[in-house]
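Asks: Okay, so here is start_16.cif, and as you'll see once you scroll down, it has mmCIF, C-alpha atoms.
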data_upload
#
loop_
_atom_site.label_atom_id
_atom_site.label_comp_id
_atom_site.auth_asym_id
_atom_site.auth_seq_id
_atom_site.Cartn_x
_atom_site.Cartn_y
_atom_site.Cartn_z
CA MET A 184 -5.78 27.72 8.25
CA ARG A 185 -7.60 30.74 6.83
CA LEU A 186 -9.92 30.38 3.82
CA VAL A 187 -10.92 33.50 1.93
CA ILE A 188 -13.13 33.63 -1.15
CA ALA A 189 -12.79 37.00 -2.84
CA ARG A 190 -12.92 38.88 -6.09
CA CYS A 191 -9.28 39.69 -6.60
CA SER A 192 -6.37 40.21 -8.96
CA VAL A 193 -2.95 38.72 -8.25
CA ASP A 194 0.56 39.75 -9.25
CA TYR A 195 3.77 37.81 -8.64
CA VAL A 196 6.79 40.13 -8.59
CA GLY A 197 10.38 38.92 -8.39
CA ARG A 198 12.61 36.67 -10.46
CA LEU A 199 9.49 35.93 -12.53
CA LYS A 200 6.46 38.11 -13.18
CA ALA A 201 2.93 36.81 -13.53
CA HIS A 202 -0.51 38.44 -13.50
CA LEU A 203 -3.96 37.01 -12.74
CA PRO A 204 -6.74 39.42 -13.79
CA LEU A 205 -9.78 40.17 -11.66
CA ALA A 206 -11.85 37.06 -10.87
CA THR A 207 -13.41 35.19 -7.95
CA ARG A 208 -10.83 32.92 -6.30
CA LEU A 209 -10.06 30.96 -3.16
CA LEU A 210 -7.14 32.25 -1.07
CA VAL A 211 -5.60 29.77 1.36
CA VAL A 212 -3.38 31.09 4.16
CA LYS A 213 -1.64 28.23 5.97
CA ALA A 214 -0.06 28.19 9.41
CA ASP A 215 3.37 27.47 7.90
CA GLY A 216 3.31 30.89 6.19
CA SER A 217 2.41 29.75 2.69
CA VAL A 218 -0.33 31.46 0.68
CA LEU A 219 -2.05 29.73 -2.24
CA VAL A 220 -4.41 31.09 -4.88
CA HIS A 221 -6.94 28.61 -6.30
CA SER A 222 -9.61 28.72 -8.98
CA ASP A 223 -12.67 26.49 -9.29
CA GLY A 224 -11.43 24.12 -11.94
CA GLY A 225 -8.61 23.49 -14.39
CA SER A 226 -6.22 21.80 -11.99
CA TYR A 227 -5.72 20.71 -8.40
CA LYS A 228 -2.62 22.91 -8.33
CA PRO A 229 -2.85 26.56 -7.24
CA LEU A 230 -2.78 29.26 -9.92
CA ASN A 231 -0.06 31.02 -7.96
CA TRP A 232 1.46 30.75 -4.51
CA MET A 233 4.22 31.81 -2.12
CA SER A 234 6.10 29.05 -0.36
CA PRO A 235 7.17 29.30 3.29
CA PRO A 236 8.88 30.95 5.00
CA ALA A 237 6.89 34.04 4.09
CA LYS A 238 5.12 36.90 5.83
CA LEU A 239 1.65 38.23 5.01
CA ARG A 240 0.99 41.95 5.44
CA VAL A 241 -2.50 43.38 4.94
CA GLY A 242 -2.42 47.05 3.98
CA THR A 243 -4.50 49.92 2.68
CA PRO A 244 -4.41 50.27 -1.12
CA GLU A 245 -2.95 53.36 -2.74
CA ASP A 246 -5.34 56.08 -3.97
CA THR A 247 -5.23 54.91 -7.58
CA ASP A 248 -6.09 51.35 -6.51
CA LEU A 249 -8.90 52.61 -4.25
CA GLU A 250 -10.38 54.48 -7.18
CA SER A 251 -10.39 51.29 -9.25
CA GLY A 252 -12.32 49.44 -6.50
CA VAL A 253 -9.60 47.74 -4.44
CA ILE A 254 -10.67 47.57 -0.78
CA GLU A 255 -7.67 45.66 0.64
CA GLN A 256 -4.18 44.75 -0.49
CA TRP A 257 -2.24 41.68 0.64
CA THR A 258 1.53 41.59 0.25
CA VAL A 259 3.11 38.18 0.81
CA GLN A 260 6.87 38.63 1.12
CA SER A 261 9.26 35.68 0.81
CA ALA A 262 11.79 35.46 3.65
CA LYS A 263 14.47 33.99 1.37
CA ALA A 264 14.22 36.27 -1.67
CA ASP A 265 12.81 39.55 -2.92
CA ASP A 266 9.81 37.76 -4.46
CA ARG A 267 6.37 39.10 -3.52
CA LEU A 268 2.81 38.01 -4.12
CA ILE A 269 0.49 41.03 -4.29
CA ILE A 270 -3.23 40.31 -4.00
CA ASN A 271 -5.67 43.17 -4.61
CA ILE A 272 -9.07 42.34 -3.11
CA TYR A 273 -12.15 43.99 -4.57
CA GLU A 274 -14.82 42.10 -2.64
CA HIS A 275 -14.89 39.63 0.28
CA LEU A 276 -17.36 36.79 -0.22
CA HIS A 277 -16.23 34.48 2.58
CA ASP A 278 -13.60 34.55 5.33
CA SER A 279 -13.11 31.79 7.91
CA SER A 280 -10.31 30.36 10.01
CA HIS A 281 -9.94 26.76 11.17
CA GLU A 282 -7.54 25.09 13.61
CA LEU A 283 -6.54 21.81 11.95
CA GLY A 284 -4.08 20.60 14.59
CA THR A 285 -1.16 18.28 13.95
CA ASP A 286 -1.56 16.11 10.88
CA PRO A 287 -0.82 12.39 11.45
CA GLY A 288 0.70 12.07 7.98
CA LEU A 289 0.01 9.67 5.15
CA ILE A 290 -1.10 6.20 6.21
CA LYS A 291 -0.40 3.38 3.81
CA ASP A 292 -3.38 1.62 2.28
CA GLY A 293 -4.55 -1.69 3.68
CA VAL A 294 -2.67 -3.84 1.18
CA GLU A 295 0.72 -2.19 1.87
CA ALA A 296 0.15 -2.38 5.62
CA ASP A 297 -0.79 -6.07 5.32
CA LEU A 298 2.22 -6.78 3.12
CA GLN A 299 4.50 -5.29 5.74
CA ARG A 300 2.93 -7.29 8.56
CA LEU A 301 2.88 -10.55 6.58
CA LEU A 302 6.46 -10.20 5.35
CA ALA A 303 7.66 -9.47 8.88
CA GLU A 304 5.93 -12.67 10.04
CA GLN A 305 7.23 -14.64 7.03
CA ILE A 306 10.63 -12.99 6.70
CA GLU A 307 12.21 -16.16 5.29
CA THR A 308 10.19 -15.48 2.15
CA LEU A 309 13.21 -13.36 1.24
CA GLY A 310 15.64 -16.22 1.75
CA THR A 311 16.69 -18.98 4.13
CA GLY A 312 18.29 -17.64 7.29
CA PHE A 313 16.66 -14.21 7.22
CA SER A 314 15.64 -12.79 10.60
CA LEU A 315 13.62 -9.71 11.52
CA ILE A 316 15.24 -6.79 13.34
CA ARG A 317 12.10 -4.63 13.40
CA ARG A 318 9.28 -3.11 11.37
CA GLU A 319 9.11 0.67 10.76
CA TYR A 320 12.78 1.26 11.63
CA PHE A 321 12.98 5.00 12.31
CA THR A 322 15.45 7.24 10.48
CA ALA A 323 15.83 11.01 10.22
CA ILE A 324 14.11 10.96 6.80
CA GLY A 325 11.32 8.52 7.61
CA PRO A 326 10.76 4.91 8.64
CA VAL A 327 12.23 1.97 6.75
CA ASP A 328 9.43 -0.57 6.24
CA ILE A 329 11.43 -3.55 7.48
CA LEU A 330 14.98 -3.94 8.75
CA ALA A 331 16.30 -7.51 8.76
CA ARG A 332 19.46 -9.64 8.75
CA ASP A 333 20.31 -12.20 6.09
CA ALA A 334 21.92 -15.60 6.62
CA THR A 335 25.38 -14.03 6.81
CA GLY A 336 24.29 -11.56 9.49
CA ALA A 337 24.39 -8.57 7.14
CA THR A 338 21.78 -5.82 7.56
CA VAL A 339 19.05 -5.58 4.92
CA ALA A 340 16.66 -2.64 4.45
CA ILE A 341 13.38 -3.58 2.76
CA GLU A 342 11.05 -1.10 1.08
CA LEU A 343 7.54 -2.37 0.40
CA LYS A 344 5.10 -1.13 -2.22
CA ARG A 345 1.88 -2.39 -3.68
CA ARG A 346 3.11 -1.37 -7.13
CA GLY A 347 6.83 -0.70 -7.37
CA ASP A 348 8.03 2.18 -9.51
CA ILE A 349 11.10 4.41 -9.78
CA ASP A 350 10.01 6.63 -6.87
CA GLY A 351 10.13 3.64 -4.53
CA VAL A 352 13.67 2.77 -5.64
CA GLU A 353 14.74 6.39 -5.08
CA GLN A 354 13.20 6.31 -1.61
CA LEU A 355 15.07 3.12 -0.70
CA THR A 356 18.30 4.58 -2.09
CA ARG A 357 18.01 7.53 0.30
CA TYR A 358 17.43 5.17 3.23
CA LEU A 359 20.47 3.09 2.29
CA GLU A 360 22.72 6.16 2.05
CA LEU A 361 21.68 7.17 5.56
CA LEU A 362 21.79 3.69 7.15
CA ASN A 363 25.27 3.01 5.77
CA ARG A 364 26.58 5.96 7.79
CA ASP A 365 25.78 4.01 10.97
CA PRO A 366 28.80 1.82 11.85
CA LEU A 367 26.56 -0.49 13.90
CA LEU A 368 24.47 -1.33 10.82
CA ALA A 369 26.83 -0.96 7.86
CA PRO A 370 27.15 -2.44 5.38
CA VAL A 371 23.42 -2.32 4.59
CA ARG A 372 22.00 -3.66 1.32
CA GLY A 373 18.51 -3.11 -0.01
CA ILE A 374 15.56 -5.18 -1.20
CA PHE A 375 12.71 -3.57 -3.13
CA ALA A 376 9.60 -5.71 -2.68
CA ALA A 377 6.17 -5.28 -4.27
CA GLN A 378 3.27 -7.16 -5.82
CA GLN A 379 4.21 -5.68 -9.18
CA ILE A 380 7.47 -3.96 -10.12
CA LYS A 381 7.75 -1.85 -13.24
CA PRO A 382 10.58 -2.75 -15.65
CA GLN A 383 12.15 0.72 -15.33
CA ALA A 384 12.22 0.34 -11.55
CA LYS A 385 13.94 -3.05 -11.85
CA VAL A 386 16.62 -1.61 -14.13
CA LEU A 387 17.29 1.30 -11.75
CA ALA A 388 17.34 -0.99 -8.70
CA ASN A 389 19.76 -3.44 -10.33
CA ASN A 390 22.07 -0.59 -11.36
CA ARG A 391 22.20 0.50 -7.71
CA GLY A 392 22.81 -2.98 -6.33
CA ILE A 393 19.28 -3.32 -4.95
CA ASP A 394 17.52 -6.68 -5.22
CA CYS A 395 13.91 -6.85 -6.42
CA VAL A 396 11.38 -9.34 -5.03
CA THR A 397 7.83 -9.82 -6.33
CA LEU A 398 5.45 -10.81 -3.54
CA ASP A 399 2.40 -13.06 -3.93
CA TYR A 400 -0.04 -11.33 -1.59
CA ASP A 401 -2.73 -14.04 -1.78
CA ALA A 402 -0.23 -16.82 -1.09
CA MET A 403 1.18 -14.92 1.88
CA ARG A 404 -2.36 -14.57 3.28
CA GLY A 405 -3.01 -18.28 2.70
CA VAL A 406 -5.84 -17.51 0.30
CA ASP A 407 -4.21 -18.93 -2.83
CA ASP A 408 -2.51 -22.31 -2.95
CA SER A 409 0.08 -21.53 -5.61
CA GLY A 410 1.48 -25.08 -5.42
CA SER A 411 -1.73 -26.63 -6.71
CA ARG A 412 -2.04 -24.40 -9.77
CA LEU A 413 -1.29 -25.69 -13.28
CA PHE A 414 -0.31 -22.19 -14.46
#
Any chance you could give the structure as C-alpha cells?
Replies:
Amino acid sequence: MRLVIARCSVDYVGRLKAHLPLATRLLVVKADGSVLVHSDGGSYKPLNWMSPPAKLRVGTPEDTDLESGVIEQWTVQSAKADDRLIINIYEHLHDSSHELGTDPGLIKDGVEADLQRLLAEQIETLGTGFSLIRREYFTAIGPVDILARDATGATVAIELKRRGDIDGVEQLTRYLELLNRDPLLAPVRGIFAAQQIKPQAKVLANNRGIDCVTLDYDAMRGVDDSGSRLF
C-alpha cells in the first residue's frame, strides 16, 4: 500500500463528473488497483475513489498545468469503463509504501465466538434430537456458523449473532440458497440465533421460513440460574 500526502486537485471524468479543488489530501494506492482520496475530517469515507480493476499512470502535466504549478499528474483508468480519476499534484508532503501482507479477515468478537462454541456443545438447546455436524461449515461465500441435523435427520444451517438484524437474515438466506444446491445436504432449513433479535429481522426471517431463537448467554455459560429467578 502506498500513502501519499499532497497538495492536489482531483477530477472524476466519466458517467459522472466531480471536481475537488486544490487542498492537502491523503492519497491511498492499494495493491488491488484501487485509489482513494481522503481528507482529514468530515467522514470515514473517501472524497473520491476509483474501484478495482484500475490502472494508475503517472505522467508529466501539460504546459498549461505546469504553468499553474502542477508538478505531477496521476491518471487512474478504470478497466471496466471509460471513467478516469485525474489527480493533479502541486506539492508532495509525504510518500511511503508498506507491505501489509495477507489480511486474516474479520474475527468475530468474544461473545459471538463464545456463543458459537457453547451452542455447538449444547446443540439440543435448539430442540430435542439435534446433533452437530460441524462448526464453521465452509461454503464458497463464507463459513456457516453451525451446521446441524434435527430430530428428523434434516440439515439445519444456524447463523449466530450477538444482536440479530436484517443483515444477518440476508446472510443466512444466501447460505441457504447455496446449501440447498447440494443434493447431499438438501433440503436445508435455517435458524437465526442471537442474544437479541430486532423485530424487523424476525418478520423477514419468518417470511423466508427461517426460525428465530433468542439465546441466554449467561445461562449457557452457567453464570445465571434462570430457573431460580422470580422474573
Asks: Rank nothing, just name the residue among A:Tyr320, A:Tyr227, A:Tyr400, A:Tyr358 nearest to Arg345 (chain A), using all atoms listed in the file.
Replies: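 Selected residue with least distance to Arg345 (chain A): A:Tyr400.
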Asks: Rank nothing, just name the residue among A:Leu362, A:Val241, A:Ala303, A:Met403 nearest to Leu343 (chain A), using all atoms listed in the file.
Replies: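 Closest to Leu343 (chain A), using all atoms listed in the file: A:Ala303.
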Asks: Name the residues that the PyMOL selection byres ((chain A and resi 244) around 6) pulls out of this structure, and write them as a short mmCIF file (atom, residue, chain, number, x, y, z; two decimals) with C-alpha atoms, in the coordinates of the input.
Replies:
data_model
loop_
_atom_site.label_atom_id
_atom_site.label_comp_id
_atom_site.auth_asym_id
_atom_site.auth_seq_id
_atom_site.Cartn_x
_atom_site.Cartn_y
_atom_site.Cartn_z
CA THR A 243 -4.50 49.92 2.68
CA GLU A 245 -2.95 53.36 -2.74
CA ASP A 248 -6.09 51.35 -6.51
CA LEU A 249 -8.90 52.61 -4.25
CA GLU A 255 -7.67 45.66 0.64
CA GLN A 256 -4.18 44.75 -0.49
#
Asks: In Å, rounded to a single decimal, give me how far CA of His202 (chain A) is from CA of Ala214 (chain A).
Replies: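 Pair CA of Ala214 (chain A) / CA of His202 (chain A) returns 25.1 Å.
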Asks: Need to verify the contact set: Leu199 (chain A), 12 Å, all atoms listed in the file, exclusion of same-chain residues closer than 4 positions in sequence. Can you return it as a ChimeraX atom specification?
Replies: /A:194-195,231,264-268
Asks: Give as a ChimeraX atom specification the residues that the PyMOL selection byres ((chain A and resi 258) around 9) matches when applied to the coordinates above.
Replies: /A:238-242,256-257,259-260,267-271
Asks: Could you work out how far CA of Arg318 (chain A) lies from CA of Gln378 (chain A), giving the answer in Å with one decimal?
Replies: 18.7 Å
Asks: Enumerate, as a PyMOL selection string, the residues matched when the PyMOL selection byres ((chain A and resi 390-395) around 7) is run on the file above.
Replies: chain A and resi 372-376+385-389+396-397
Asks: My list of candidates is A:Pro370, A:Pro382, A:Gly336, A:Gly405. Which is closest to Val352 (chain A) when distances are computed with only C-alpha atoms?
Replies: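 Smallest separation from Val352 (chain A) among the options: A:Pro382.
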Asks: Looking at A:Pro229, A:Gly310, A:Gly325, A:Pro204, which one is nearest to Ser192 (chain A), with distances taken over all atoms listed in the file?
Replies: A:Pro204
Asks: Here is a test: counting all atoms listed in the file, which residue of A:Asp399, A:Asp215, A:Asp333, A:Asp297 is nearest to Ala237 (chain A)?
Replies: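 Counting all atoms listed in the file, the residue closest to Ala237 (chain A) is A:Asp215.
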Asks: Which value, in Å to one decimal, gives the distance between CA of Asp328 (chain A) and CA of Glu342 (chain A)?
Replies: 5.4 Å
Asks: Put the listed atoms of region 350-353 of chain A in a box along x, y and z with 6 Å added on every side and give me the centre and edge lengths in Å to one decimal, as AutoDock Vina command-line options.
Replies:
--center_x 12.4 --center_y 4.7 --center_z -5.7 --size_x 16.7 --size_y 15.9 --size_z 14.3
Asks: With distances taken over only C-alpha atoms, which of A:Asp278, A:Ser226, A:Ile254, A:Gly347 is nearest to Ile188 (chain A)?
Replies: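 Looking only at the distances to Ile188 (chain A), the closest residue turns out to be A:Asp278.
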Asks: When you look at Gly224 (chain A) with a cut-off of 12 Å (counting all atoms listed in the file), what residues show up, excluding the ones that are within fewer than 6 positions of it in the same chain? I need them as a PyMOL selection string.
Replies: chain A and resi 207-209+230
Asks: Write out as an MDAnalysis selection string which residues come within 6 Å of Leu330 (chain A) when counting only C-alpha atoms, dropping same-chain ones fewer than 6 positions away.
Replies: chainID A and resid 316:317 339:340
Asks: Determine, counting only C-alpha atoms, which protein, DNA and RNA residues have an atom within 10 Å of an atom of Val211 (chain A); residues of the same chain fewer than 2 positions away are not included. Present the result as a list in words.
Replies: Met184, Arg185, Leu186, Val187, Ile188, Arg208, Leu209, Lys213, Ala214, Ser217, Val218, Leu219, Val220, His221, Pro229, Trp232 and Ser280 of chain A
Asks: For the selection you just gave me, I'd like the residues written to a file as a tab-separated table (two decimals), in the frame of the given file, keeping C-alpha atoms.
Replies:
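part.tsv, written as the output of this step:
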chain	number	residue	atom	x	y	z
A	184	MET	CA	-5.78	27.72	8.25
A	185	ARG	CA	-7.60	30.74	6.83
A	186	LEU	CA	-9.92	30.38	3.82
A	187	VAL	CA	-10.92	33.50	1.93
A	188	ILE	CA	-13.13	33.63	-1.15
A	208	ARG	CA	-10.83	32.92	-6.30
A	209	LEU	CA	-10.06	30.96	-3.16
A	213	LYS	CA	-1.64	28.23	5.97
A	214	ALA	CA	-0.06	28.19	9.41
A	217	SER	CA	2.41	29.75	2.69
A	218	VAL	CA	-0.33	31.46	0.68
A	219	LEU	CA	-2.05	29.73	-2.24
A	220	VAL	CA	-4.41	31.09	-4.88
A	221	HIS	CA	-6.94	28.61	-6.30
A	229	PRO	CA	-2.85	26.56	-7.24
A	232	TRP	CA	1.46	30.75	-4.51
A	280	SER	CA	-10.31	30.36	10.01
